[in-house]
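Q: Here it is, the structure in full.
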Amino acid sequence: MITITRGFNPTEFVGDGWSIIYEETDHRSIALTELDLSKVELVTMLKGNETYITGEENLSRLKASGKIRLDLDIFLTLWRNQSLIPESWKRKRMIFFDGMVLWRPNGERCILGLHWSYGLWCWGFHRLDCDDHRDARYQVSAVL
């Protein structure tokens with residue numbers, strides 16, 4: 001069980017001009033104060049023979065699934081305490097935290113994620129209008 005540190009600030013973490021789109025926040029996630037990482041699922045929203053979907057379509061399907069989309073406070077808690085990240089997560093290309101969506105300074109909607117690269121945890125962002133970032137085997141969303 002991990003204690004979630006609240007107060008993710010996109011300007012401090014990503015840079016000037018970034019902001020949270022509060023209407024897109026999964027409020028069930030921000031209500032969590034603790035999290036059992038063994039209960040976190042890493043899911044893809046691809047259907048049938050799909051090999052990719054846009055981030056917008058992925059977000060829409062996640063919302064419709066009823067699963068709790070983990071937010072950026074959970075992302076930040078793990079970023080600051082990387083020893084807590086399950087070993088099995090290293091096999092994924094990117095683990096997205098879709099429970100908070102960000103505005104980029106140029107107006108694009110983005111999500112943040114973690115990935116294991118060359119022996120280190122790294123973070124990155126991806127635009128929701130991009131259609132090539134949801135490979136079923138490696139790029140997933142963290143949900144409860």
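By order in the structure tokens, chains are A, B, ...; within a chain, residues start at 1; ligands start at 1, following the order shown.
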So that I can check the surroundings of stretch 59-76 of chain A, please list as a short mmCIF file (atom, residue, chain, number, x, y, z; two decimals) with N, CA and C atoms, in the first residue's frame every protein, DNA and RNA residue that reaches within 10 Å of it, counting only C-alpha atoms and ignoring chain neighbours fewer than 2 positions away.

A:
```cif
data_model
loop_
_atom_site.label_atom_id
_atom_site.label_comp_id
_atom_site.auth_asym_id
_atom_site.auth_seq_id
_atom_site.Cartn_x
_atom_site.Cartn_y
_atom_site.Cartn_z
N ILE A 2 0.62 2.17 -0.91
CA ILE A 2 1.37 3.41 -0.95
C ILE A 2 0.46 4.58 -0.58
N THR A 3 1.02 5.58 0.06
CA THR A 3 0.30 6.81 0.35
C THR A 3 0.51 7.76 -0.81
N ILE A 4 -0.58 8.31 -1.32
CA ILE A 4 -0.52 9.19 -2.48
C ILE A 4 -0.30 10.62 -2.02
N THR A 5 0.72 11.25 -2.59
CA THR A 5 0.99 12.66 -2.33
C THR A 5 0.17 13.47 -3.32
N ARG A 6 -0.63 14.40 -2.83
CA ARG A 6 -1.50 15.21 -3.68
C ARG A 6 -0.86 16.56 -3.97
N GLY A 7 -1.22 17.15 -5.11
CA GLY A 7 -0.76 18.49 -5.43
C GLY A 7 0.09 18.57 -6.68
N PHE A 8 -0.15 17.67 -7.67
CA PHE A 8 0.60 17.74 -8.91
C PHE A 8 0.44 19.12 -9.53
N ASN A 9 1.57 19.74 -9.87
CA ASN A 9 1.56 21.07 -10.48
C ASN A 9 2.24 20.95 -11.85
N PRO A 10 1.45 21.02 -12.93
CA PRO A 10 2.05 20.83 -14.25
C PRO A 10 3.08 21.88 -14.62
N PHE A 13 6.25 20.70 -12.89
CA PHE A 13 6.77 19.42 -13.36
C PHE A 13 7.14 19.44 -14.84
N ILE A 20 -3.87 21.73 -15.94
CA ILE A 20 -4.77 20.58 -15.83
C ILE A 20 -6.13 20.95 -16.40
N GLU A 24 -11.74 16.95 -17.25
CA GLU A 24 -11.33 15.62 -17.72
C GLU A 24 -10.76 14.76 -16.60
N THR A 25 -10.70 15.28 -15.38
CA THR A 25 -10.11 14.56 -14.26
C THR A 25 -11.07 13.48 -13.76
N ASP A 26 -10.53 12.30 -13.48
CA ASP A 26 -11.32 11.23 -12.87
C ASP A 26 -11.33 11.48 -11.37
N HIS A 27 -12.42 12.03 -10.87
CA HIS A 27 -12.50 12.43 -9.47
C HIS A 27 -12.48 11.24 -8.51
N ARG A 28 -12.79 10.05 -9.00
CA ARG A 28 -12.66 8.86 -8.16
C ARG A 28 -11.19 8.60 -7.85
N SER A 29 -10.32 8.90 -8.79
CA SER A 29 -8.89 8.73 -8.57
C SER A 29 -8.36 9.74 -7.58
N ILE A 30 -8.75 11.01 -7.74
CA ILE A 30 -8.22 12.02 -6.82
C ILE A 30 -8.78 11.88 -5.40
N LEU A 32 -8.66 9.03 -3.88
CA LEU A 32 -7.83 8.00 -3.25
C LEU A 32 -6.72 8.65 -2.42
N THR A 33 -6.51 8.12 -1.23
CA THR A 33 -5.39 8.58 -0.40
C THR A 33 -4.29 7.53 -0.33
N GLU A 34 -4.67 6.28 -0.57
CA GLU A 34 -3.72 5.17 -0.60
C GLU A 34 -4.03 4.31 -1.81
N LEU A 35 -3.04 3.55 -2.23
CA LEU A 35 -3.21 2.70 -3.40
C LEU A 35 -2.44 1.40 -3.22
N VAL A 40 -3.65 -2.52 -9.36
CA VAL A 40 -3.62 -1.69 -10.57
C VAL A 40 -3.56 -2.60 -11.79
N GLU A 41 -4.42 -2.30 -12.76
CA GLU A 41 -4.41 -3.01 -14.03
C GLU A 41 -3.77 -2.11 -15.08
N VAL A 43 -4.08 -1.63 -18.89
CA VAL A 43 -5.03 -2.06 -19.91
C VAL A 43 -4.85 -1.29 -21.21
N THR A 44 -5.29 -1.93 -22.27
CA THR A 44 -5.41 -1.30 -23.57
C THR A 44 -6.89 -1.27 -23.93
N MET A 45 -7.29 -0.29 -24.68
CA MET A 45 -8.68 -0.17 -25.09
C MET A 45 -8.88 -0.56 -26.56
N LEU A 46 -7.88 -1.21 -27.14
CA LEU A 46 -8.02 -1.67 -28.52
C LEU A 46 -9.09 -2.75 -28.61
N ILE A 53 -5.37 3.34 -31.95
CA ILE A 53 -6.49 4.27 -31.91
C ILE A 53 -5.93 5.61 -31.45
N THR A 54 -6.68 6.67 -31.66
CA THR A 54 -6.22 7.96 -31.16
C THR A 54 -6.29 7.97 -29.64
N GLY A 55 -5.53 8.85 -29.05
CA GLY A 55 -5.62 9.02 -27.60
C GLY A 55 -7.01 9.48 -27.17
N GLU A 56 -7.66 10.29 -28.01
CA GLU A 56 -9.02 10.74 -27.70
C GLU A 56 -9.98 9.55 -27.64
N GLU A 57 -9.86 8.64 -28.62
CA GLU A 57 -10.73 7.45 -28.63
C GLU A 57 -10.39 6.56 -27.44
N LEU A 78 4.75 7.92 -7.76
CA LEU A 78 5.62 6.86 -8.26
C LEU A 78 6.93 7.43 -8.82
N TRP A 79 6.85 8.56 -9.50
CA TRP A 79 8.06 9.18 -10.05
C TRP A 79 9.04 9.51 -8.92
N ARG A 80 8.52 10.00 -7.82
CA ARG A 80 9.37 10.39 -6.69
C ARG A 80 9.83 9.19 -5.86
N ASN A 81 9.16 8.07 -6.01
CA ASN A 81 9.46 6.86 -5.24
C ASN A 81 9.55 5.67 -6.20
N GLN A 82 10.49 5.71 -7.11
CA GLN A 82 10.55 4.73 -8.19
C GLN A 82 10.75 3.30 -7.73
N ILE A 95 3.37 3.62 -19.77
CA ILE A 95 2.22 3.44 -18.89
C ILE A 95 1.62 4.82 -18.67
N PHE A 96 0.43 5.02 -19.24
CA PHE A 96 -0.21 6.33 -19.20
C PHE A 96 -1.10 6.48 -17.97
N PHE A 97 -1.16 7.70 -17.48
CA PHE A 97 -2.01 8.07 -16.34
C PHE A 97 -3.07 9.02 -16.88
N ASP A 98 -4.14 8.43 -17.40
CA ASP A 98 -5.19 9.16 -18.12
C ASP A 98 -6.20 9.84 -17.20
N GLY A 99 -6.03 9.73 -15.89
CA GLY A 99 -6.99 10.30 -14.96
C GLY A 99 -6.92 11.81 -14.85
N MET A 100 -5.88 12.42 -15.41
CA MET A 100 -5.78 13.87 -15.54
C MET A 100 -5.24 14.16 -16.93
N VAL A 101 -5.91 15.05 -17.63
CA VAL A 101 -5.49 15.47 -18.96
C VAL A 101 -4.93 16.88 -18.83
N LEU A 102 -3.87 17.15 -19.56
CA LEU A 102 -3.21 18.45 -19.49
C LEU A 102 -3.40 19.24 -20.78
N ILE A 111 -1.48 13.61 -22.22
CA ILE A 111 -1.40 12.80 -21.01
C ILE A 111 0.06 12.48 -20.74
N LEU A 112 0.36 12.16 -19.48
CA LEU A 112 1.73 11.80 -19.09
C LEU A 112 1.82 10.31 -18.83
N GLY A 113 3.03 9.80 -18.96
CA GLY A 113 3.26 8.39 -18.68
C GLY A 113 4.68 8.13 -18.24
N LEU A 114 4.88 6.92 -17.74
CA LEU A 114 6.19 6.43 -17.31
C LEU A 114 6.65 5.33 -18.24
N TRP A 123 9.89 9.74 -17.94
CA TRP A 123 8.51 10.16 -18.14
C TRP A 123 8.42 10.84 -19.50
N LEU A 128 -3.23 13.68 -27.26
CA LEU A 128 -4.40 12.82 -27.41
C LEU A 128 -4.88 12.72 -28.85
N SER A 141 -2.79 1.90 -20.20
CA SER A 141 -3.27 2.86 -19.22
C SER A 141 -3.35 2.19 -17.85
N ALA A 142 -3.00 2.93 -16.81
CA ALA A 142 -3.05 2.42 -15.44
C ALA A 142 -4.44 2.74 -14.87
N VAL A 143 -5.15 1.69 -14.45
CA VAL A 143 -6.52 1.84 -13.95
C VAL A 143 -6.74 0.93 -12.74
N LEU A 144 -7.83 1.20 -12.06
CA LEU A 144 -8.33 0.30 -10.99
C LEU A 144 -9.68 -0.23 -11.42
#
```

Q: Within 7 Å of A:Arg127, counting only C-alpha atoms, which residues qualify if same-chain residues fewer than 6 places away don't, as a PyMOL selection string?

A: chain A and resi 108-111

Q: Any chance you can output those residues with C-alpha atoms as a short mmCIF file (atom, residue, chain, number, x, y, z; two decimals), in the first residue's frame?

A:
```cif
data_model
loop_
_atom_site.label_atom_id
_atom_site.label_comp_id
_atom_site.auth_asym_id
_atom_site.auth_seq_id
_atom_site.Cartn_x
_atom_site.Cartn_y
_atom_site.Cartn_z
CA GLU A 108 -2.97 20.45 -27.44
CA ARG A 109 -4.47 17.98 -24.97
CA CYS A 110 -1.88 15.58 -23.53
CA ILE A 111 -1.40 12.80 -21.01
#
```

Q: From a DSSP pass on the backbone, collect the residues of chain A flagged as helix (DSSP H, G or I) and hand them back as number ranges by chain.

A: A: 10-13, 22-24, 27-30, 37-39, 55-65, 72-80, 82-84, 87-91

Q: Can you tell me, as a count of residues only, which residues in chain A count as strand (DSSP E) by DSSP?

A: 42

Q: What's the separation between atom CA of A:Arg91 and atom CA of A:Gly48, in Å to one decimal place?

A: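 So the answer is 22.6 Å.
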
Q: Quick check, in Å to one decimal: how far apart do atom CA of A:Leu42 and atom CA of A:Met94 lie?

A: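 Taking atom CA of A:Leu42 as the start and atom CA of A:Met94 as the end point, the length is 10.1 Å.
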
Q: Looking at only C-alpha atoms, which of A:Val140, A:Glu12, A:Ala31, A:Trp18 is the one that sits closest to A:Tyr52?

A: A:Val140

Q: Restricting the calculation to only C-alpha atoms, which member of A:Lys90, A:Arg104, A:His126, A:His115 is positioned closest to A:Gly15?

A: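 Between A:Lys90, A:Arg104, A:His126, A:His115, the residue approaching A:Gly15 most closely is A:Arg104.
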
Q: Distance atom CA of A:Cys122-atom CA of A:Pro105, one decimal place?

A: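 Distance reported for this atom pair: 21.7 Å.
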